[in-house]
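With CSV, C-alpha atoms and all ligand atoms inside, this is run.csv:
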```csv
chain,number,residue,atom,x,y,z
A,156,MET,CA,30.3,46.1,-5.1
A,157,THR,CA,32.2,43.0,-3.9
A,158,THR,CA,32.3,39.8,-5.8
A,159,ALA,CA,31.3,36.5,-4.1
A,160,THR,CA,34.2,34.6,-2.8
A,161,THR,CA,35.2,30.9,-2.2
A,162,PRO,CA,33.5,29.2,-5.1
A,163,ALA,CA,35.7,26.3,-4.2
A,164,HIS,CA,33.8,25.7,-1.0
A,165,ALA,CA,30.4,25.9,-2.7
A,166,ALA,CA,30.9,22.5,-4.4
A,167,ASP,CA,31.8,20.9,-1.0
A,168,LYS,CA,28.3,21.5,0.3
A,169,LEU,CA,27.1,18.6,-1.8
A,170,ASP,CA,29.8,16.1,-0.7
A,171,PHE,CA,27.6,14.5,1.8
A,172,ILE,CA,25.2,13.6,-1.0
A,173,ARG,CA,27.9,12.1,-3.1
A,174,ALA,CA,29.2,10.0,-0.2
A,175,GLU,CA,25.7,8.8,0.6
A,176,MET,CA,25.0,7.9,-3.0
A,177,ASP,CA,28.4,6.0,-3.2
A,178,GLN,CA,27.4,4.1,-0.1
A,179,LEU,CA,24.0,3.1,-1.6
A,180,ARG,CA,25.7,2.0,-4.8
A,181,GLU,CA,28.3,-0.1,-2.9
A,182,ASN,CA,25.6,-1.8,-0.8
A,183,ASN,CA,23.5,-2.7,-3.9
A,184,LEU,CA,20.8,-0.4,-2.6
A,185,LEU,CA,20.6,2.1,-5.3
A,186,ILE,CA,17.1,2.0,-6.8
A,187,ASN,CA,17.0,1.5,-10.6
A,188,ILE,CA,13.9,3.3,-11.8
A,189,ARG,CA,12.5,1.7,-14.9
A,190,THR,CA,10.3,3.6,-17.4
A,191,MET,CA,7.0,2.1,-18.7
A,192,GLY,CA,6.1,2.5,-22.3
A,193,SER,CA,2.5,1.1,-22.1
A,194,PRO,CA,-0.5,1.0,-19.7
A,195,ALA,CA,-0.4,-1.2,-16.6
A,196,ASP,CA,-1.5,-4.7,-17.7
A,197,ALA,CA,-0.4,-8.3,-17.7
A,198,TYR,CA,2.3,-7.4,-20.2
A,199,MET,CA,4.0,-4.1,-20.3
A,200,VAL,CA,6.7,-2.3,-22.3
A,201,VAL,CA,9.5,-1.7,-19.7
A,202,ASP,CA,12.6,0.3,-20.8
A,203,GLY,CA,11.6,-0.6,-24.3
A,204,ASN,CA,11.1,-4.4,-23.8
A,205,ARG,CA,7.8,-6.1,-23.8
A,206,VAL,CA,7.7,-8.3,-20.6
A,207,LEU,CA,5.4,-10.2,-18.4
A,208,ASN,CA,4.5,-7.9,-15.5
A,209,PHE,CA,4.5,-9.0,-11.9
A,210,CYS,CA,5.2,-5.6,-10.4
A,211,THR,CA,2.1,-3.4,-10.4
A,212,ASN,CA,-0.7,-3.4,-7.7
A,213,ASN,CA,-3.3,-3.7,-10.5
A,214,TYR,CA,-4.9,-6.6,-8.6
A,215,LEU,CA,-8.1,-6.6,-10.6
A,216,GLY,CA,-6.8,-5.5,-14.0
A,217,LEU,CA,-8.8,-2.2,-13.8
A,218,ALA,CA,-5.9,0.2,-14.5
A,219,ASN,CA,-6.5,-0.1,-18.3
A,220,HIS,CA,-10.1,-1.2,-18.3
A,221,PRO,CA,-12.3,0.2,-21.1
A,222,GLN,CA,-15.2,1.1,-18.8
A,223,MET,CA,-12.8,3.0,-16.4
A,224,LYS,CA,-11.2,4.9,-19.3
A,225,ALA,CA,-14.7,5.8,-20.7
A,226,ALA,CA,-15.8,7.2,-17.3
A,227,ALA,CA,-12.6,9.3,-17.1
A,228,GLN,CA,-13.1,10.6,-20.6
A,229,ALA,CA,-16.7,11.5,-20.1
A,230,ALA,CA,-15.8,13.3,-16.8
A,231,VAL,CA,-13.3,15.5,-18.6
A,232,ASP,CA,-16.0,16.6,-21.1
A,233,ARG,CA,-18.5,17.3,-18.3
A,234,TRP,CA,-16.2,18.7,-15.5
A,235,GLY,CA,-13.0,19.8,-17.1
A,236,VAL,CA,-9.5,18.7,-16.1
A,237,GLY,CA,-9.1,20.1,-12.6
A,238,PRO,CA,-11.2,21.5,-9.7
A,239,ALA,CA,-8.7,24.4,-9.2
A,240,ALA,CA,-9.4,24.5,-5.5
A,241,VAL,CA,-8.9,22.6,-2.2
A,242,ARG,CA,-11.9,20.5,-1.2
A,243,SER,CA,-12.9,22.8,1.7
A,244,ILE,CA,-13.1,26.0,-0.5
A,245,ALA,CA,-14.4,25.3,-3.9
A,246,GLY,CA,-12.9,21.9,-5.0
A,247,THR,CA,-15.6,19.6,-3.8
A,248,GLN,CA,-17.4,18.6,-7.0
A,249,ALA,CA,-20.5,16.5,-7.0
A,250,LEU,CA,-18.3,13.6,-8.2
A,251,HIS,CA,-16.4,13.7,-4.9
A,252,THR,CA,-19.4,13.5,-2.7
A,253,GLU,CA,-21.0,10.8,-4.8
A,254,LEU,CA,-17.8,8.7,-4.6
A,255,GLU,CA,-17.7,9.2,-0.8
A,256,GLY,CA,-21.2,7.9,-0.5
A,257,ARG,CA,-20.5,5.0,-2.7
A,258,LEU,CA,-17.3,4.0,-0.9
A,259,ALA,CA,-19.0,4.1,2.5
A,260,ALA,CA,-21.9,1.9,1.2
A,261,PHE,CA,-19.4,-0.5,-0.5
A,262,LYS,CA,-17.4,-0.9,2.7
A,263,GLY,CA,-20.4,-1.0,5.0
A,264,VAL,CA,-19.4,1.9,7.1
A,265,GLU,CA,-21.2,5.1,8.1
A,266,ALA,CA,-19.1,7.6,6.2
A,267,ALA,CA,-16.1,8.1,4.0
A,268,LEU,CA,-13.8,11.0,3.2
A,269,PHE,CA,-11.9,10.9,-0.2
A,270,VAL,CA,-8.4,12.4,-0.3
A,271,GLN,CA,-5.6,12.6,-2.9
A,272,SER,CA,-3.8,9.3,-2.1
A,273,GLY,CA,-3.4,6.5,0.4
A,274,PHE,CA,-0.2,8.1,1.6
A,275,VAL,CA,-2.0,11.4,2.2
A,276,ALA,CA,-4.9,9.6,3.9
A,277,ASN,CA,-2.6,8.6,6.8
A,278,GLN,CA,-1.2,12.1,7.1
A,279,ALA,CA,-4.8,13.4,7.1
A,280,ALA,CA,-6.3,10.9,9.6
A,281,ILE,CA,-3.8,10.4,12.3
A,282,PRO,CA,-2.9,13.9,13.5
A,283,PRO,CA,-6.5,15.0,14.2
A,284,LEU,CA,-7.0,11.9,16.4
A,285,VAL,CA,-3.9,12.0,18.6
A,286,GLY,CA,-1.4,14.7,19.6
A,287,ARG,CA,1.5,15.3,22.1
A,288,GLU,CA,-0.4,14.0,25.1
A,289,ASP,CA,-1.3,10.8,23.4
A,290,VAL,CA,0.2,7.4,22.5
A,291,ILE,CA,0.2,5.4,19.3
A,292,PHE,CA,0.6,1.6,19.3
A,293,SER,CA,2.1,0.7,15.9
A,294,ASP,CA,3.0,-2.7,14.3
A,295,ARG,CA,6.7,-3.1,13.8
A,296,LEU,CA,6.3,-3.5,10.0
A,297,ASN,CA,3.7,-0.7,9.4
A,298,HIS,CA,3.9,1.1,6.1
A,299,ALA,CA,6.0,4.3,5.8
A,300,SER,CA,2.9,6.5,5.4
A,301,ILE,CA,1.6,5.3,8.8
A,302,ILE,CA,4.9,5.9,10.4
A,303,ASP,CA,5.1,9.4,8.9
A,304,GLY,CA,1.5,10.2,9.8
A,305,ALA,CA,2.2,9.0,13.4
A,306,ARG,CA,5.3,11.2,13.6
A,307,LEU,CA,3.5,14.2,12.3
A,308,SER,CA,0.9,13.9,15.0
A,309,GLY,CA,3.5,14.4,17.7
A,310,ALA,CA,2.1,11.5,19.8
A,311,LYS,CA,4.5,9.1,21.5
A,312,ILE,CA,5.0,6.0,19.2
A,313,ILE,CA,5.2,2.6,20.8
A,314,VAL,CA,6.1,-0.2,18.4
A,315,TYR,CA,4.6,-3.7,19.1
A,316,GLU,CA,5.9,-6.9,17.6
A,317,HIS,CA,4.6,-7.7,14.1
A,318,CYS,CA,1.1,-9.1,14.2
A,319,ASP,CA,1.4,-9.8,17.9
A,320,PRO,CA,-1.8,-9.0,19.9
A,321,GLU,CA,-0.2,-10.2,23.1
A,322,ASP,CA,2.7,-7.8,22.8
A,323,ALA,CA,0.2,-5.1,21.8
A,324,GLU,CA,-1.7,-5.7,25.0
A,325,ALA,CA,1.5,-5.7,27.1
A,326,LYS,CA,2.6,-2.4,25.6
A,327,ILE,CA,-0.9,-0.9,26.0
A,328,LYS,CA,-0.9,-1.9,29.7
A,329,GLU,CA,2.5,-0.5,30.3
A,330,HIS,CA,2.2,2.8,28.5
A,331,LEU,CA,-1.5,3.9,28.2
A,332,PRO,CA,-1.8,5.1,31.8
A,333,GLN,CA,0.9,7.8,31.1
A,334,TYR,CA,-1.1,9.3,28.3
A,335,ARG,CA,-4.5,11.0,27.6
A,336,ARG,CA,-5.6,8.5,24.9
A,337,GLY,CA,-4.3,5.8,22.7
A,338,LEU,CA,-4.6,4.8,19.0
A,339,LEU,CA,-3.7,1.3,17.7
A,340,VAL,CA,-2.7,1.3,14.0
A,341,THR,CA,-1.8,-1.5,11.7
A,342,ASP,CA,-1.6,-2.4,8.0
A,343,GLY,CA,-4.4,-4.8,7.1
A,344,VAL,CA,-2.2,-6.7,4.6
A,345,PHE,CA,1.6,-6.1,4.9
A,346,SER,CA,2.8,-5.1,1.5
A,347,MET,CA,6.2,-6.7,1.5
A,348,ASP,CA,5.3,-10.1,3.0
A,349,GLY,CA,1.6,-10.4,2.0
A,350,ASP,CA,0.6,-11.5,5.5
A,351,VAL,CA,-2.6,-10.3,7.2
A,352,ALA,CA,-2.9,-8.6,10.6
A,353,PRO,CA,-5.0,-10.5,13.2
A,354,LEU,CA,-7.6,-7.7,13.3
A,355,ASP,CA,-10.1,-9.7,15.4
A,356,LYS,CA,-7.7,-10.1,18.3
A,357,LEU,CA,-6.2,-6.6,17.9
A,358,THR,CA,-9.6,-5.0,18.0
A,359,GLU,CA,-10.6,-7.0,21.0
A,360,VAL,CA,-7.5,-5.9,22.9
A,361,ALA,CA,-7.8,-2.3,21.9
A,362,ASN,CA,-11.5,-2.0,22.7
A,363,ARG,CA,-10.9,-3.6,26.2
A,364,TYR,CA,-8.6,-0.6,27.0
A,365,GLY,CA,-10.6,2.0,25.2
A,366,VAL,CA,-7.9,2.5,22.6
A,367,LEU,CA,-9.0,3.8,19.1
A,368,THR,CA,-8.4,1.4,16.2
A,369,MET,CA,-7.2,2.2,12.7
A,370,VAL,CA,-6.3,-0.2,9.9
A,371,ASP,CA,-4.6,0.7,6.6
A,372,ASP,CA,-6.3,-1.6,4.0
A,373,ALA,CA,-4.3,-0.5,0.9
A,374,HIS,CA,-3.6,-4.1,-0.1
A,375,GLY,CA,-6.9,-5.5,1.2
A,376,GLU,CA,-9.3,-3.4,-0.7
A,377,GLY,CA,-10.6,-5.1,-3.8
A,378,VAL,CA,-8.7,-8.2,-2.6
A,379,LEU,CA,-10.0,-9.5,0.7
A,380,GLY,CA,-13.5,-9.8,2.0
A,381,ARG,CA,-16.8,-10.4,0.1
A,382,GLY,CA,-16.3,-9.1,-3.4
A,383,GLY,CA,-13.2,-7.2,-2.3
A,384,ARG,CA,-14.8,-5.2,0.5
A,385,GLY,CA,-11.5,-5.3,2.4
A,386,VAL,CA,-9.9,-6.7,5.5
A,387,VAL,CA,-12.5,-5.4,7.9
A,388,ASP,CA,-15.2,-7.2,6.0
A,389,HIS,CA,-12.9,-10.3,5.8
A,390,PHE,CA,-13.0,-10.4,9.7
A,391,GLY,CA,-16.6,-9.3,9.9
A,392,LEU,CA,-15.7,-6.2,11.9
A,393,GLN,CA,-17.8,-3.6,10.1
A,394,GLY,CA,-19.0,-1.0,12.6
A,395,VAL,CA,-16.5,-2.3,15.2
A,396,PHE,CA,-13.3,-0.8,13.7
A,397,ASP,CA,-13.0,3.0,14.3
A,398,VAL,CA,-11.1,4.0,11.1
A,399,GLU,CA,-10.2,2.3,7.8
A,400,ILE,CA,-7.6,3.9,5.6
A,401,GLY,CA,-7.7,2.9,2.0
A,402,THR,CA,-6.3,3.6,-1.4
A,403,LEU,CA,-7.8,3.7,-4.9
A,404,SER,CA,-4.4,3.3,-6.5
A,405,LYS,CA,-4.1,-0.4,-6.2
A,406,ALA,CA,-7.0,-2.8,-6.8
A,407,PHE,CA,-9.2,0.2,-7.9
A,408,GLY,CA,-6.6,1.0,-10.6
A,409,VAL,CA,-6.7,4.8,-10.3
A,410,VAL,CA,-5.4,7.1,-7.6
A,411,GLY,CA,-6.8,8.5,-4.4
A,412,GLY,CA,-7.1,7.7,-0.7
A,413,VAL,CA,-10.1,7.1,1.6
A,414,ILE,CA,-10.7,7.6,5.3
A,415,ALA,CA,-13.8,5.5,6.2
A,416,GLY,CA,-15.6,4.6,9.4
A,417,LYS,CA,-17.8,6.1,12.0
A,418,GLN,CA,-19.6,9.3,11.0
A,419,THR,CA,-18.3,11.2,14.1
A,420,ILE,CA,-14.7,10.5,13.2
A,421,VAL,CA,-15.1,11.3,9.5
A,422,ASP,CA,-16.9,14.6,10.2
A,423,TYR,CA,-14.2,15.6,12.5
A,424,VAL,CA,-11.3,14.6,10.2
A,425,ARG,CA,-13.0,16.6,7.4
A,426,GLN,CA,-12.7,19.7,9.6
A,427,LYS,CA,-9.1,19.1,10.8
A,428,ALA,CA,-7.1,17.2,8.2
A,429,ARG,CA,-4.4,19.4,6.7
A,430,PRO,CA,-4.0,17.6,3.3
A,431,PHE,CA,-7.8,18.0,2.9
A,432,LEU,CA,-7.8,21.7,3.8
A,433,PHE,CA,-4.5,22.7,2.1
A,434,SER,CA,-4.0,20.6,-0.9
A,435,SER,CA,-6.2,20.6,-4.0
A,436,ALA,CA,-8.8,18.0,-4.8
A,437,THR,CA,-8.4,15.1,-7.2
A,438,THR,CA,-9.2,15.7,-10.8
A,439,PRO,CA,-12.6,14.8,-12.4
A,440,ALA,CA,-11.0,12.1,-14.5
A,441,ASP,CA,-9.5,10.4,-11.5
A,442,THR,CA,-12.7,10.7,-9.4
A,443,ALA,CA,-15.0,9.4,-12.1
A,444,ALA,CA,-12.7,6.5,-12.8
A,445,CYS,CA,-12.8,5.6,-9.1
A,446,LEU,CA,-16.6,5.7,-9.3
A,447,ALA,CA,-16.4,3.3,-12.3
A,448,ALA,CA,-14.2,1.0,-10.2
A,449,VAL,CA,-16.9,0.8,-7.5
A,450,ASP,CA,-19.5,0.1,-10.2
A,451,LEU,CA,-17.4,-2.8,-11.5
A,452,LEU,CA,-16.7,-4.3,-8.0
A,453,GLU,CA,-20.3,-4.1,-7.1
A,454,ALA,CA,-21.5,-5.6,-10.4
A,455,SER,CA,-19.4,-8.8,-10.2
A,456,GLU,CA,-17.1,-10.8,-7.9
A,457,GLU,CA,-15.6,-12.6,-10.9
A,458,ARG,CA,-12.3,-10.6,-11.0
A,459,VAL,CA,-11.7,-11.1,-7.3
A,460,ARG,CA,-12.2,-14.8,-7.7
A,461,ARG,CA,-9.8,-15.0,-10.7
A,462,LEU,CA,-7.2,-13.0,-8.6
A,463,TRP,CA,-7.4,-15.7,-5.8
A,464,ASP,CA,-7.4,-18.6,-8.3
A,465,ASN,CA,-4.2,-17.2,-9.9
A,466,THR,CA,-2.6,-16.6,-6.6
A,467,ALA,CA,-3.3,-20.2,-5.4
A,468,TYR,CA,-1.9,-21.6,-8.6
A,469,PHE,CA,1.2,-19.4,-8.7
A,470,LYS,CA,2.1,-19.8,-5.0
A,471,GLY,CA,1.5,-23.6,-5.1
A,472,GLU,CA,3.8,-24.1,-8.1
A,473,MET,CA,6.5,-21.8,-6.7
A,474,LYS,CA,6.5,-23.9,-3.5
A,475,LYS,CA,6.7,-27.1,-5.6
A,476,LEU,CA,9.8,-25.7,-7.3
A,477,GLY,CA,11.4,-25.2,-3.9
A,478,PHE,CA,11.1,-21.4,-3.5
A,479,ASP,CA,10.5,-19.9,0.0
A,480,THR,CA,7.4,-17.7,-0.3
A,481,GLY,CA,7.7,-16.4,3.3
A,482,ARG,CA,4.5,-15.5,5.2
A,483,SER,CA,2.3,-14.8,2.2
A,484,GLU,CA,-1.4,-15.3,2.7
A,485,THR,CA,-2.5,-13.0,-0.1
A,486,PRO,CA,-1.7,-12.2,-3.8
A,487,ILE,CA,1.5,-10.6,-2.7
A,488,VAL,CA,4.1,-13.3,-3.0
A,489,PRO,CA,7.7,-12.6,-1.7
A,490,ILE,CA,10.4,-14.9,-3.0
A,491,MET,CA,12.8,-14.8,-0.1
A,492,LEU,CA,16.5,-14.6,-1.2
A,493,GLY,CA,18.2,-12.8,1.7
A,494,ASP,CA,21.2,-11.1,0.1
A,495,ALA,CA,20.4,-7.8,-1.7
A,496,GLY,CA,23.0,-8.5,-4.4
A,497,LEU,CA,21.5,-11.9,-5.2
A,498,ALA,CA,18.0,-10.4,-5.3
A,499,LYS,CA,19.1,-7.7,-7.8
A,500,GLN,CA,20.8,-10.3,-10.0
A,501,PHE,CA,17.8,-12.6,-9.9
A,502,SER,CA,15.6,-9.7,-11.0
A,503,ARG,CA,18.0,-8.7,-13.8
A,504,GLU,CA,18.1,-12.3,-15.1
A,505,LEU,CA,14.3,-12.6,-14.9
A,506,PHE,CA,14.0,-9.5,-17.0
A,507,GLU,CA,16.4,-10.9,-19.6
A,508,ALA,CA,14.0,-13.9,-19.6
A,509,GLY,CA,11.1,-11.6,-20.3
A,510,VAL,CA,9.7,-11.3,-16.8
A,511,PHE,CA,9.4,-8.1,-14.8
A,512,ALA,CA,9.6,-8.7,-11.1
A,513,MET,CA,11.5,-6.2,-8.9
A,514,SER,CA,13.9,-7.0,-6.2
A,515,ILE,CA,13.2,-5.3,-2.9
A,516,GLY,CA,15.9,-4.5,-0.3
A,517,PHE,CA,16.7,-2.3,2.7
A,518,PRO,CA,15.3,0.1,3.7
A,519,THR,CA,11.9,-1.1,2.3
A,520,VAL,CA,12.5,-4.4,4.0
A,521,PRO,CA,15.0,-5.2,6.9
A,522,ARG,CA,18.7,-5.8,6.0
A,523,GLY,CA,19.4,-9.5,5.0
A,524,MET,CA,15.8,-10.1,4.0
A,525,ALA,CA,16.0,-9.0,0.4
A,526,ARG,CA,13.5,-10.6,-2.0
A,527,ILE,CA,11.8,-10.6,-5.3
A,528,ARG,CA,8.1,-9.6,-4.9
A,529,VAL,CA,5.5,-11.0,-7.3
A,530,MET,CA,2.1,-9.3,-7.4
A,531,ASN,CA,-0.6,-11.7,-8.7
A,532,THR,CA,-3.5,-10.1,-10.6
A,533,ALA,CA,-6.7,-11.1,-12.3
A,534,ALA,CA,-5.2,-9.8,-15.5
A,535,HIS,CA,-2.9,-12.8,-15.9
A,536,SER,CA,-3.9,-15.9,-17.8
A,537,ARG,CA,-2.8,-19.4,-16.8
A,538,ASP,CA,-0.4,-19.3,-19.8
A,539,ASP,CA,1.1,-16.0,-18.4
A,540,LEU,CA,1.7,-17.7,-15.0
A,541,ASP,CA,3.2,-20.7,-16.6
A,542,GLN,CA,5.6,-18.5,-18.6
A,543,GLY,CA,6.5,-16.7,-15.3
A,544,LEU,CA,7.0,-20.0,-13.4
A,545,ALA,CA,9.3,-21.3,-16.2
A,546,ALA,CA,11.5,-18.2,-15.9
A,547,PHE,CA,11.7,-18.4,-12.1
A,548,ALA,CA,12.7,-22.1,-12.4
A,549,LYS,CA,15.4,-21.3,-15.0
A,550,VAL,CA,16.9,-18.4,-13.1
A,551,GLY,CA,16.5,-20.1,-9.7
A,552,LYS,CA,18.5,-23.1,-10.9
A,553,ALA,CA,21.2,-21.0,-12.6
A,554,LEU,CA,21.8,-19.0,-9.4
A,555,GLY,CA,21.7,-22.0,-7.1
A,556,VAL,CA,18.6,-20.8,-5.2
A,557,ILE,CA,16.7,-24.1,-6.0
A,558,SER,CA,18.1,-27.4,-7.2
B,601,LIG,C1,0.6,1.7,-1.1
B,601,LIG,C2,0.3,2.0,0.3
B,601,LIG,C3,-0.1,3.3,0.7
B,601,LIG,C4,0.0,4.4,-0.3
B,601,LIG,O1,-1.1,4.5,-1.1
B,601,LIG,P1,-1.1,5.5,-2.3
B,601,LIG,O2,-2.5,5.6,-2.7
B,601,LIG,O3,-0.2,4.9,-3.4
B,601,LIG,O4,-0.5,6.8,-1.8
B,601,LIG,C5,-0.5,3.5,2.0
B,601,LIG,N1,-0.5,2.5,2.9
B,601,LIG,C6,-0.2,1.2,2.6
B,601,LIG,C7,-0.2,0.1,3.6
B,601,LIG,C8,0.2,0.9,1.2
B,601,LIG,O5,0.6,-0.3,0.9
```
Rewrite the structure of this file - the entire thing - as structure tokens.
Ligand SMILES: *Cc1c(COP(=O)(O)O)cnc(C)c1O
Amino acid sequence: MTTATTPAHAADKLDFIRAEMDQLRENNLLINIRTMGSPADAYMVVDGNRVLNFCTNNYLGLANHPQMKAAAQAAVDRWGVGPAAVRSIAGTQALHTELEGRLAAFKGVEAALFVQSGFVANQAAIPPLVGREDVIFSDRLNHASIIDGARLSGAKIIVYEHCDPEDAEAKIKEHLPQYRRGLLVTDGVFSMDGDVAPLDKLTEVANRYGVLTMVDDAHGEGVLGRGGRGVVDHFGLQGVFDVEIGTLSKAFGVVGGVIAGKQTIVDYVRQKARPFLFSSATTPADTAACLAAVDLLEASEERVRRLWDNTAYFKGEMKKLGFDTGRSETPIVPIMLGDAGLAKQFSRELFEAGVFAMSIGFPTVPRGMARIRVMNTAAHSRDDLDQGLAAFAKVGKALGVIS
């Protein structure tokens, strides 16, 4: 028997990782992952400190809502903790089909398919609709899960300029004739800037050329539209848009993804989507909590109103202080700082002042466009916002961002 040789070389195999990590560190791009010691709420225990929270996507304050928790607890007693199967074999519990019906009705569409997450929803929905002979028209700032779903499909990806229907039309005109069919896909609300895609104009262009339309409404659900019915409702395009992708991990406060729209499309995606066919179903606790979220949204618009009141107040006061809030039209408020190092330092000093607001840099946003991102929610009181504003004013002055 021979002994393995060259152990000295074995270590070298990982040198590329060390070099890449050093590079990230030098460029201030290493992500510092903090640990939460309490539920998602207006205040949270972060790395052992109780701080005002501006980081979670808990738009309506549902993540720690008593009715949601009670629904999850009751579902565990009735259904156990896991379905122990993929949806297509034995994992579809009555809770899943009930939720799909409720989501379709809430959003005013023919049908809905519930999957494990919003990220997965894009992987599930795009590949069945387009393949190697097809073309995808994709907004320059689309979310990573759309980009990955598009790549997975094997279709040619043509990027159009951000929120630019004229450029989308020019790209459709130029490229569509070389392909079998086209799909236009966009975020509804862009998660790093808080701006809204011009869905009315994009739909009009896409429909004129017979191009399928898909919108990812992860940050619009529970936020935009009547009672939080989403970006398609906001534009009054129910029944016009082909596919809506959504998540139940943001305003809905739980976890899960949804593919909603025309019955023909949803039926087809259910047969073809690989994450649906090959990855297990969500747990009873999650699914029941999602149902409770739909109940709460349908029962009252009060939380959605409070979310927008808080947003208007916070954004207005930040502008008065002299901060640049970029293109924000929604509760997502970027505080544009430019330099990644400055954004990190700003976030650190806010934290020391009792405010948790993360800095975001490349590759999540383009180089030189680093920022602090504030997520407004219905869970914050006016006093909370005033405390946050005071911390921003103090740190902004100390670092010379405002005068
Ligand atoms: C957050 C987000 C997702 C991912 O949703 P999860 O449910 O967290 O997987 C997908 N698309 C967009 C646009 C998002 O902002």
Residues within 6 Å of ligand LIG 601 (chain B) (only C-alpha atoms and all ligand atoms), as a PyMOL selection string? chain A and resi 272-274+298+300+342+346+371+373-374+402+404+410-412
Please provide the set of residues having any atom within 7 Å of A:Arg526, restricted to only C-alpha atoms, with same-chain residues fewer than 4 positions apart removed, written as a PyMOL selection string. chain A and resi 489-493+498+514-516
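With all atoms listed in the file as the atoms that count, the residue of A:Ala276, A:Leu207, A:Ala239, A:Val529 with the shortest distance to A:Ala508 is A:Leu207.
Atom CA of A:Ile414 sits 22.3 Å away from atom CA of A:Cys318.
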Using only C-alpha atoms, which residue out of A:Ala266, A:Glu181, A:Gly349, A:Phe547 lies closest to A:Lys475? A:Phe547
Extract, using all atoms listed in the file, all DNA, RNA and protein residues at most 10 Å from stretch 321-334 of chain A, discarding same-chain residues fewer than 2 positions from it, and format them as a count of residues only. 30
Quick one: of A:Asp450, A:Asp539, A:Asp494, A:Asp303, who's nearest to A:Gly509, counting only C-alpha atoms?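 Among A:Asp450, A:Asp539, A:Asp494, A:Asp303, it is A:Asp539 that comes nearest to A:Gly509.
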Would you mind listing what lies within 12 Å of A:Ala225 as a short mmCIF file (atom, residue, chain, number, x, y, z; two decimals) with C-alpha atoms, in the coordinates of the input, with all atoms listed in the file counted and same-chain residues fewer than 2 positions away left out?
```cif
data_model
loop_
_atom_site.label_atom_id
_atom_site.label_comp_id
_atom_site.auth_asym_id
_atom_site.auth_seq_id
_atom_site.Cartn_x
_atom_site.Cartn_y
_atom_site.Cartn_z
CA ASN A 219 -6.50 -0.10 -18.30
CA HIS A 220 -10.10 -1.20 -18.30
CA PRO A 221 -12.30 0.20 -21.10
CA GLN A 222 -15.20 1.10 -18.80
CA MET A 223 -12.80 3.00 -16.40
CA ALA A 227 -12.60 9.30 -17.10
CA GLN A 228 -13.10 10.60 -20.60
CA ALA A 229 -16.70 11.50 -20.10
CA ALA A 230 -15.80 13.30 -16.80
CA VAL A 231 -13.30 15.50 -18.60
CA ASP A 232 -16.00 16.60 -21.10
CA ALA A 440 -11.00 12.10 -14.50
CA ASP A 441 -9.50 10.40 -11.50
CA ALA A 443 -15.00 9.40 -12.10
CA ALA A 444 -12.70 6.50 -12.80
CA CYS A 445 -12.80 5.60 -9.10
CA LEU A 446 -16.60 5.70 -9.30
CA ALA A 447 -16.40 3.30 -12.30
CA ALA A 448 -14.20 1.00 -10.20
#
```
Give me the residues near A:Phe433 as a list in words, where near means some atom within 10 Å (using all atoms listed in the file) and where sequence neighbours in that chain fewer than 4 positions away do not count.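 Residues near the query, excluding close chain neighbours: Ala240, Val241, Arg242, Ser243, Ile244, Ala428 and Arg429 of chain A.
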Taking only C-alpha atoms into account, which of A:Asn362, A:Gln418, A:Asn531, A:Gln248 comes nearest A:Ala267?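 Closest candidate: A:Gln418.
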Do you have the atom CA of A:His389-atom CA of A:Pro283 distance handy?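 Taking atom CA of A:His389 as the start and atom CA of A:Pro283 as the end point, the length is 27.4 Å.
Here atom CA of A:Arg257 stands at a distance of 10.7 Å from atom CA of A:Phe269.
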